[in-house]
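Next up, entry13.pdb (PDB, C-alpha atoms):
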ATOM      1  CA  PHE K   1       0.000   0.000   0.000
ATOM      2  CA  GLY K   2       2.212   2.781  -1.283
ATOM      3  CA  PRO K   3       5.537   2.516   0.582
ATOM      4  CA  HIS K   4       3.934   0.479   3.365
ATOM      5  CA  THR K   5       3.181  -3.198   3.766
ATOM      6  CA  ALA K   6      -0.465  -4.226   3.881
ATOM      7  CA  LEU K   7      -1.166  -7.210   6.094
ATOM      8  CA  ARG K   8      -3.842  -9.568   4.769
ATOM      9  CA  LEU K   9      -5.735 -12.215   6.705
ATOM     10  CA  ARG K  10      -8.014 -14.711   5.010
ATOM     11  CA  HIS K  11      -9.969 -17.444   6.740
ATOM     12  CA  ALA K  12      -9.151 -20.926   5.508
ATOM     13  CA  HIS K  13     -12.798 -22.020   5.507
ATOM     14  CA  GLY K  14     -14.777 -19.383   3.667
ATOM     15  CA  PRO K  15     -14.484 -15.953   2.060
ATOM     16  CA  ALA K  16     -13.861 -13.909   5.228
ATOM     17  CA  ALA K  17     -10.841 -11.624   4.762
ATOM     18  CA  LEU K  18      -9.373  -8.390   6.042
ATOM     19  CA  GLU K  19      -6.562  -6.034   5.077
ATOM     20  CA  VAL K  20      -4.813  -3.653   7.472
ATOM     21  CA  VAL K  21      -1.855  -1.272   7.091
ATOM     22  CA  PRO K  22       0.114  -1.185  10.372
ATOM     23  CA  ALA K  23       2.336   1.748   9.368
ATOM     24  CA  LEU K  24      -0.663   3.923   8.527
ATOM     25  CA  GLY K  25      -2.416   3.998  11.881
ATOM     26  CA  ALA K  26      -3.416   0.312  11.653
ATOM     27  CA  ARG K  27      -6.048   1.483   9.156
ATOM     28  CA  LEU K  28      -8.430  -1.204   7.950
ATOM     29  CA  LEU K  29      -8.634  -1.083   4.177
ATOM     30  CA  ARG K  30     -10.873  -4.065   3.605
ATOM     31  CA  LEU K  31     -13.198  -6.390   5.470
ATOM     32  CA  ALA K  32     -15.099  -9.086   3.596
ATOM     33  CA  LEU K  33     -17.620 -11.305   5.367
ATOM     34  CA  PRO K  34     -19.816 -14.057   3.931
ATOM     35  CA  LEU K  35     -23.427 -13.350   3.094
ATOM     36  CA  PRO K  36     -25.868 -15.488   5.103
ATOM     37  CA  GLY K  37     -26.662 -18.727   3.307
ATOM     38  CA  SER K  38     -24.233 -18.007   0.496
ATOM     39  CA  THR K  39     -20.651 -18.656  -0.531
ATOM     40  CA  ALA K  40     -20.373 -15.068  -1.735
ATOM     41  CA  SER K  41     -18.877 -12.331   0.435
ATOM     42  CA  LEU K  42     -19.897  -8.782   1.298
ATOM     43  CA  GLU K  43     -17.374  -5.927   1.298
ATOM     44  CA  VAL K  44     -18.277  -4.370   4.636
ATOM     45  CA  LEU K  45     -16.065  -1.255   4.658
ATOM     46  CA  ALA K  46     -15.960   1.771   2.380
ATOM     47  CA  GLY K  47     -12.924   3.989   2.132
ATOM     48  CA  PRO K  48      -9.771   4.921   0.210
ATOM     49  CA  GLN K  49      -8.297   2.094  -1.835
ATOM     50  CA  ALA K  50      -5.157   3.918  -2.998
ATOM     51  CA  TYR K  51      -2.293   5.280  -0.917
ATOM     52  CA  GLU K  52      -2.659   8.835  -2.228
ATOM     53  CA  GLU K  53      -6.370   8.786  -1.376
ATOM     54  CA  ALA K  54      -5.607   7.607   2.159
ATOM     55  CA  LEU K  55      -3.100  10.428   2.709
ATOM     56  CA  ALA K  56      -5.645  12.994   1.530
ATOM     57  CA  ASP K  57      -8.496  11.475   3.549
ATOM     58  CA  THR K  58      -9.924  13.974   6.039
ATOM     59  CA  ALA K  59     -12.979  11.856   6.911
ATOM     60  CA  TYR K  60     -11.014   9.310   8.988
ATOM     61  CA  HIS K  61     -12.371   6.304   7.086
ATOM     62  CA  ASN K  62     -12.058   3.204   9.288
ATOM     63  CA  ALA K  63      -9.465   4.901  11.504
ATOM     64  CA  TRP K  64      -8.611   4.271  15.163
ATOM     65  CA  LEU K  65      -9.080   7.460  17.144
ATOM     66  CA  LEU K  66      -6.891   7.916  20.194
ATOM     67  CA  PRO K  67      -5.923   9.239  22.681
ATOM     68  CA  TRP K  68      -9.089  11.255  22.145
ATOM     69  CA  ALA K  69     -12.075  10.955  19.857
ATOM     70  CA  ASN K  70     -14.171  13.824  18.515
ATOM     71  CA  ARG K  71     -13.250  17.492  18.750
ATOM     72  CA  ILE K  72     -11.469  19.557  21.399
ATOM     73  CA  ARG K  73     -12.543  23.191  21.248
ATOM     74  CA  ASP K  74      -9.691  25.399  19.989
ATOM     75  CA  GLY K  75      -7.310  22.541  20.846
ATOM     76  CA  ARG K  76      -7.223  23.640  24.483
ATOM     77  CA  TYR K  77      -7.884  21.540  27.553
ATOM     78  CA  ALA K  78      -6.868  21.322  31.197
ATOM     79  CA  PHE K  79      -6.068  18.188  33.166
ATOM     80  CA  GLU K  80      -5.178  18.016  36.844
ATOM     81  CA  GLY K  81      -4.452  21.712  37.023
ATOM     82  CA  ARG K  82      -2.286  21.864  33.895
ATOM     83  CA  ALA K  83      -3.346  23.698  30.726
ATOM     84  CA  HIS K  84      -2.426  22.225  27.329
ATOM     85  CA  GLN K  85      -2.582  23.424  23.732
ATOM     86  CA  LEU K  86      -2.925  20.809  20.982
ATOM     87  CA  PRO K  87      -2.189  21.477  17.303
ATOM     88  CA  ILE K  88      -5.244  22.513  15.302
ATOM     89  CA  ASN K  89      -5.767  19.826  12.656
ATOM     90  CA  GLU K  90      -9.267  20.910  11.628
ATOM     91  CA  PRO K  91      -8.768  24.576  10.668
ATOM     92  CA  ALA K  92     -12.300  25.112   9.362
ATOM     93  CA  ARG K  93     -13.744  24.554  12.854
ATOM     94  CA  HIS K  94     -10.556  25.433  14.763
ATOM     95  CA  THR K  95     -10.478  22.171  16.695
ATOM     96  CA  ALA K  96      -8.099  19.345  17.510
ATOM     97  CA  LEU K  97      -9.821  16.347  15.966
ATOM     98  CA  HIS K  98      -9.612  12.602  16.625
ATOM     99  CA  GLY K  99      -6.199  12.267  18.261
ATOM    100  CA  PHE K 100      -2.960  11.443  16.464
ATOM    101  CA  ALA K 101      -2.660   7.651  16.256
ATOM    102  CA  ASP K 102      -4.452   7.382  12.896
ATOM    103  CA  ARG K 103      -1.273   8.269  10.970
ATOM    104  CA  ALA K 104       1.216   6.748  13.397
ATOM    105  CA  ALA K 105       3.171   3.564  12.774
ATOM    106  CA  TRP K 106       1.822   0.567  14.663
ATOM    107  CA  GLN K 107       3.856  -2.605  15.125
ATOM    108  CA  ALA K 108       2.275  -5.881  14.040
ATOM    109  CA  ALA K 109       3.060  -9.221  15.631
ATOM    110  CA  ALA K 110       3.127 -12.378  13.546
ATOM    111  CA  PRO K 111      -0.458 -13.474  12.790
ATOM    112  CA  ALA K 112      -1.783 -16.439  14.782
ATOM    113  CA  LEU K 113      -3.571 -19.035  12.673
ATOM    114  CA  MET K 114      -5.904 -21.173  14.770
ATOM    115  CA  PRO K 115      -8.450 -23.846  13.747
ATOM    116  CA  GLY K 116     -11.436 -21.500  14.179
ATOM    117  CA  PHE K 117      -9.960 -18.059  13.517
ATOM    118  CA  ALA K 118      -6.995 -15.973  12.428
ATOM    119  CA  GLU K 119      -5.731 -13.172  14.673
ATOM    120  CA  VAL K 120      -3.210 -10.370  14.542
ATOM    121  CA  ALA K 121      -2.125  -8.026  17.344
ATOM    122  CA  LEU K 122      -0.895  -4.489  16.650
ATOM    123  CA  THR K 123       0.752  -2.155  19.155
ATOM    124  CA  TYR K 124       1.291   1.592  19.250
ATOM    125  CA  ALA K 125       3.585   3.156  21.865
ATOM    126  CA  HIS K 126       3.441   6.895  22.534
ATOM    127  CA  GLY K 127       6.353   8.262  24.518
ATOM    128  CA  GLY K 128       4.769  11.609  25.426
ATOM    129  CA  SER K 129       6.371  13.741  22.715
ATOM    130  CA  TYR K 130       3.196  14.892  20.952
ATOM    131  CA  GLU K 131       2.644  18.622  21.360
ATOM    132  CA  GLY K 132       0.012  19.286  24.018
ATOM    133  CA  TYR K 133      -0.223  15.636  25.086
ATOM    134  CA  PRO K 134       2.791  14.812  27.290
ATOM    135  CA  TYR K 135       1.300  11.542  28.542
ATOM    136  CA  PRO K 136       2.927   8.246  27.546
ATOM    137  CA  PHE K 137       0.763   5.205  26.883
ATOM    138  CA  GLU K 138       0.726   1.962  24.945
ATOM    139  CA  ALA K 139      -2.287   0.769  22.953
ATOM    140  CA  GLN K 140      -2.870  -2.727  21.656
ATOM    141  CA  LEU K 141      -5.359  -3.691  18.987
ATOM    142  CA  ARG K 142      -6.411  -7.308  18.425
ATOM    143  CA  LEU K 143      -8.237  -8.240  15.240
ATOM    144  CA  ARG K 144      -9.727 -11.739  15.266
ATOM    145  CA  LEU K 145     -11.225 -12.957  12.000
ATOM    146  CA  ALA K 146     -13.695 -15.833  12.294
ATOM    147  CA  PRO K 147     -15.658 -17.437   9.419
ATOM    148  CA  GLY K 148     -18.509 -14.930   9.718
ATOM    149  CA  ALA K 149     -17.338 -12.130  11.991
ATOM    150  CA  LEU K 150     -14.556  -9.776  13.012
ATOM    151  CA  ALA K 151     -13.935  -9.377  16.744
ATOM    152  CA  VAL K 152     -12.057  -6.231  17.797
ATOM    153  CA  ALA K 153     -10.386  -5.615  21.155
ATOM    154  CA  LEU K 154      -8.652  -2.303  21.836
ATOM    155  CA  THR K 155      -6.848  -1.865  25.147
ATOM    156  CA  ALA K 156      -4.570   0.859  26.492
ATOM    157  CA  ARG K 157      -2.008   0.971  29.287
ATOM    158  CA  ASN K 158      -0.675   4.046  31.032
ATOM    159  CA  THR K 159       3.122   3.842  30.837
ATOM    160  CA  GLY K 160       3.771   7.124  32.643
ATOM    161  CA  ALA K 161       4.061   8.071  36.286
ATOM    162  CA  THR K 162       0.904  10.219  36.445
ATOM    163  CA  ALA K 163      -2.752   9.906  35.489
ATOM    164  CA  LEU K 164      -3.641  10.725  31.890
ATOM    165  CA  PRO K 165      -6.711  11.869  29.954
ATOM    166  CA  PHE K 166      -7.691   9.239  27.408
ATOM    167  CA  SER K 167     -10.515   8.106  25.175
ATOM    168  CA  ALA K 168     -10.652   5.917  22.082
ATOM    169  CA  ALA K 169     -12.995   4.965  19.276
ATOM    170  CA  TRP K 170     -13.192   3.306  15.890
ATOM    171  CA  HIS K 171     -14.514   5.300  12.917
ATOM    172  CA  PRO K 172     -15.887   2.689  10.490
ATOM    173  CA  TYR K 173     -17.626   3.539   7.234
ATOM    174  CA  VAL K 174     -19.960   0.618   6.616
ATOM    175  CA  SER K 175     -20.870  -0.382   3.081
ATOM    176  CA  LEU K 176     -23.505  -2.816   1.866
ATOM    177  CA  GLY K 177     -21.422  -3.562  -1.207
ATOM    178  CA  GLY K 178     -24.490  -3.495  -3.411
ATOM    179  CA  ALA K 179     -26.250  -6.194  -1.376
ATOM    180  CA  PRO K 180     -29.998  -5.810  -0.725
ATOM    181  CA  LEU K 181     -31.135  -4.864   2.769
ATOM    182  CA  GLU K 182     -33.292  -7.974   2.970
ATOM    183  CA  GLY K 183     -31.442 -10.669   4.870
ATOM    184  CA  LEU K 184     -29.051  -8.251   6.583
ATOM    185  CA  LEU K 185     -29.305  -7.542  10.300
ATOM    186  CA  PHE K 186     -27.927  -4.542  12.182
ATOM    187  CA  GLN K 187     -27.358  -5.081  15.890
ATOM    188  CA  LEU K 188     -25.861  -2.703  18.429
ATOM    189  CA  PRO K 189     -25.629  -4.461  21.802
ATOM    190  CA  ALA K 190     -25.079  -1.275  23.761
ATOM    191  CA  ARG K 191     -26.986   1.511  25.413
ATOM    192  CA  ALA K 192     -25.840   4.903  24.253
ATOM    193  CA  TRP K 193     -26.660   8.577  24.667
ATOM    194  CA  GLN K 194     -26.685  10.860  21.686
ATOM    195  CA  TYR K 195     -25.582  14.404  22.421
ATOM    196  CA  ALA K 196     -26.576  17.434  20.410
ATOM    197  CA  VAL K 197     -23.748  19.372  18.731
ATOM    198  CA  ASP K 198     -23.263  23.038  18.018
ATOM    199  CA  GLN K 199     -22.379  24.683  14.707
ATOM    200  CA  ARG K 200     -18.747  23.579  15.059
ATOM    201  CA  LEU K 201     -19.878  19.976  15.688
ATOM    202  CA  LEU K 202     -18.690  20.205  19.281
ATOM    203  CA  PRO K 203     -20.849  18.191  21.700
ATOM    204  CA  THR K 204     -23.114  20.068  24.060
ATOM    205  CA  LEU K 205     -24.572  18.892  27.356
ATOM    206  CA  HIS K 206     -28.002  18.410  25.783
ATOM    207  CA  THR K 207     -29.072  14.858  24.967
ATOM    208  CA  LEU K 208     -31.356  13.943  22.106
ATOM    209  CA  PRO K 209     -34.353  11.620  22.543
ATOM    210  CA  GLU K 210     -33.717   7.949  21.895
ATOM    211  CA  ARG K 211     -34.521   6.811  18.381
ATOM    212  CA  HIS K 212     -34.874   3.279  17.080
ATOM    213  CA  PHE K 213     -32.689   2.326  14.163
ATOM    214  CA  GLN K 214     -34.654   2.155  10.913
ATOM    215  CA  ALA K 215     -33.430   1.014   7.504
TER     216      ALA K 215
END
Could you express the structure from this file as structure tokens?
Amino acid sequence: FGPHTALRLRHAHGPAALEVVPALGARLLRLALPLPGSTASLEVLAGPQAYEEALADTAYHNAWLLPWANRIRDGRYAFEGRAHQLPINEPARHTALHGFADRAAWQAAAPALMPGFAEVALTYAHGGSYEGYPYPFEAQLRLRLAPGALAVALTARNTGATALPFSAAWHPYVSLGGAPLEGLLFQLPARAWQYAVDQRLLPTLHTLPERHFQA
């Protein structure tokens, strides 16, 4: 993938496959899962397919967002009595957006090939040198590909001597790959609050009423 190596996992029993670029923020380029009752697969993710497109991507397609997700107003925050100024990477709204690990180099361990799944672990270590975020940490991402599913586990460990502010998220762009909605099921086994945003897309303290997902 450009100058970087793309790591590909494919399940031995079926069409399930994924492609990830460790040196480009562990970005997932491709995830294919089998359609129910079929030998065909569905391309689940949408996003840049060329290196130049990925470098120019400002929508964070399928990116891992850490050590913060969403926007920080004017790039300024305070933690435990200390004020910090982050670089502004979204000039149009004058915010610090989605952390800095999405373009960082992650280290990939050798994939583990087991009878029921294939798994790869990727690690990102931050030493505290990022401007406005002097807090070291280590994040590990585990991607486990089974015949009909991808299991994701993202963990983080504080490697510094003090507490640190931290949040993380995945930013997937889901595609139906041209498949009809009939026969597809969307499940979100979580309870979540949806917050209203202002004109700069910064979250407010106002919650929106719960809405049921509708296709």
Next on the checklist: When you count all atoms listed in the file, which of these residues is closest to Glu119 in chain K: K:Leu164, K:Leu185, K:Leu18, K:Ala78?
Outcome noted: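 Closest candidate: K:Leu18.
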Checklist entry - Skipping near chain neighbours, those fewer than 2 positions away, what residues fall within 9 Å of Gly132 in chain K using only C-alpha atoms, listed as a list of chain:residue names? => result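 Result of the neighbour search: K:Gly75, K:Arg76, K:Tyr77, K:Ala83, K:His84, K:Gln85, K:Leu86, K:Pro87, K:Ser129, K:Tyr130, K:Pro134.
Closest approach to Pro48 in chain K from the set K:Phe79, K:Phe1, K:Tyr124, K:Trp64 is made by K:Phe1, with distances taken over all atoms listed in the file.
Restricting the calculation to all atoms listed in the file, the smallest distance between His98 in chain K and any of K:Ala63, K:Ala161, K:Leu150, K:Leu188 is found for K:Ala63.
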Quick one: which residues end up in the PyMOL selection byres ((chain K and resi 2) around 8) for this structure, as a PDB file with C-alpha atoms, in the frame of the given file?
ATOM      1  CA  PHE K   1       0.000   0.000   0.000  1.00  0.00           C
ATOM      2  CA  PRO K   3       5.537   2.516   0.582  1.00  0.00           C
ATOM      3  CA  HIS K   4       3.934   0.479   3.365  1.00  0.00           C
ATOM      4  CA  THR K   5       3.181  -3.198   3.766  1.00  0.00           C
ATOM      5  CA  ALA K  50      -5.157   3.918  -2.998  1.00  0.00           C
ATOM      6  CA  TYR K  51      -2.293   5.280  -0.917  1.00  0.00           C
ATOM      7  CA  GLU K  52      -2.659   8.835  -2.228  1.00  0.00           C
TER       8      GLU K  52
END
Next on the checklist: Within 6 Å of (-14.2, -10.2, -0.4) (file coordinates; all atoms listed in the file), which protein or nucleic acid residues are there? I'd like them as a PyMOL selection string.
Outcome noted: chain K and resi 32+41+43
Next on the checklist: Report, in Å to a single decimal, how far apart CA of Gly99 in chain K and CA of Ala169 in chain K are.
Outcome noted: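 Computing it gives 10.0 Å between the two atoms.
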Item to check | Exercise: residues within 7 Å of coordinate (-7.8, 9.1, 26.1), counting only C-alpha atoms, as a ChimeraX atom specification | outcome: /K:66-68,165-168
Edge lengths and centre in Å, axis-aligned, range 7-17 of chain K plus 6 Å each side, as JSON:
{"center_x": -8.0, "center_y": -14.6, "center_z": 4.4, "size_x": 25.6, "size_y": 26.8, "size_z": 16.7}
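Between CA of Ala153 in chain K and CA of His126 in chain K there is a distance of 18.7 Å.
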Checklist entry - Near Arg10 in chain K, counting all atoms listed in the file, which residues have an atom at most 12 Å away, once you skip same-chain residues fewer than 4 positions from it, shown as a list of chain:residue names? => result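 With the cut-off at 12 Å, the set is K:Gly14, K:Pro15, K:Ala16, K:Ala17, K:Leu18, K:Glu19, K:Val20, K:Arg30, K:Leu31, K:Ala32, K:Leu33, K:Pro34, K:Pro111, K:Ala112, K:Leu113, K:Met114, K:Gly116, K:Phe117, K:Ala118, K:Glu119, K:Val120, K:Arg144, K:Leu145, K:Ala146, K:Pro147, K:Gly148, K:Ala149, K:Leu150.
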Next on the checklist: For a test of reading the model, state the distance in Å between CA of His11 in chain K and CA of Gly25 in chain K, rounded to one decimal.
Outcome noted: 23.3 Å
Item to check | Chain and number of each residue from the PyMOL selection byres ((chain K and resi 123) around 6), as number ranges by chain | outcome: K: 106-107, 122, 124, 139-140
Item to check | Pick from K:Tyr195, K:Leu42, K:Asn62, K:Ala69 nearest to Leu176 in chain K, counting only C-alpha atoms | outcome: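 Of all the options, K:Leu42 lies closest to Leu176 in chain K.
For the residues K:Ile88, K:Pro115, K:Leu29, K:Gly160, ranking by smallest atom-to-atom distance to Glu131 in chain K using only C-alpha atoms places K:Ile88 first.
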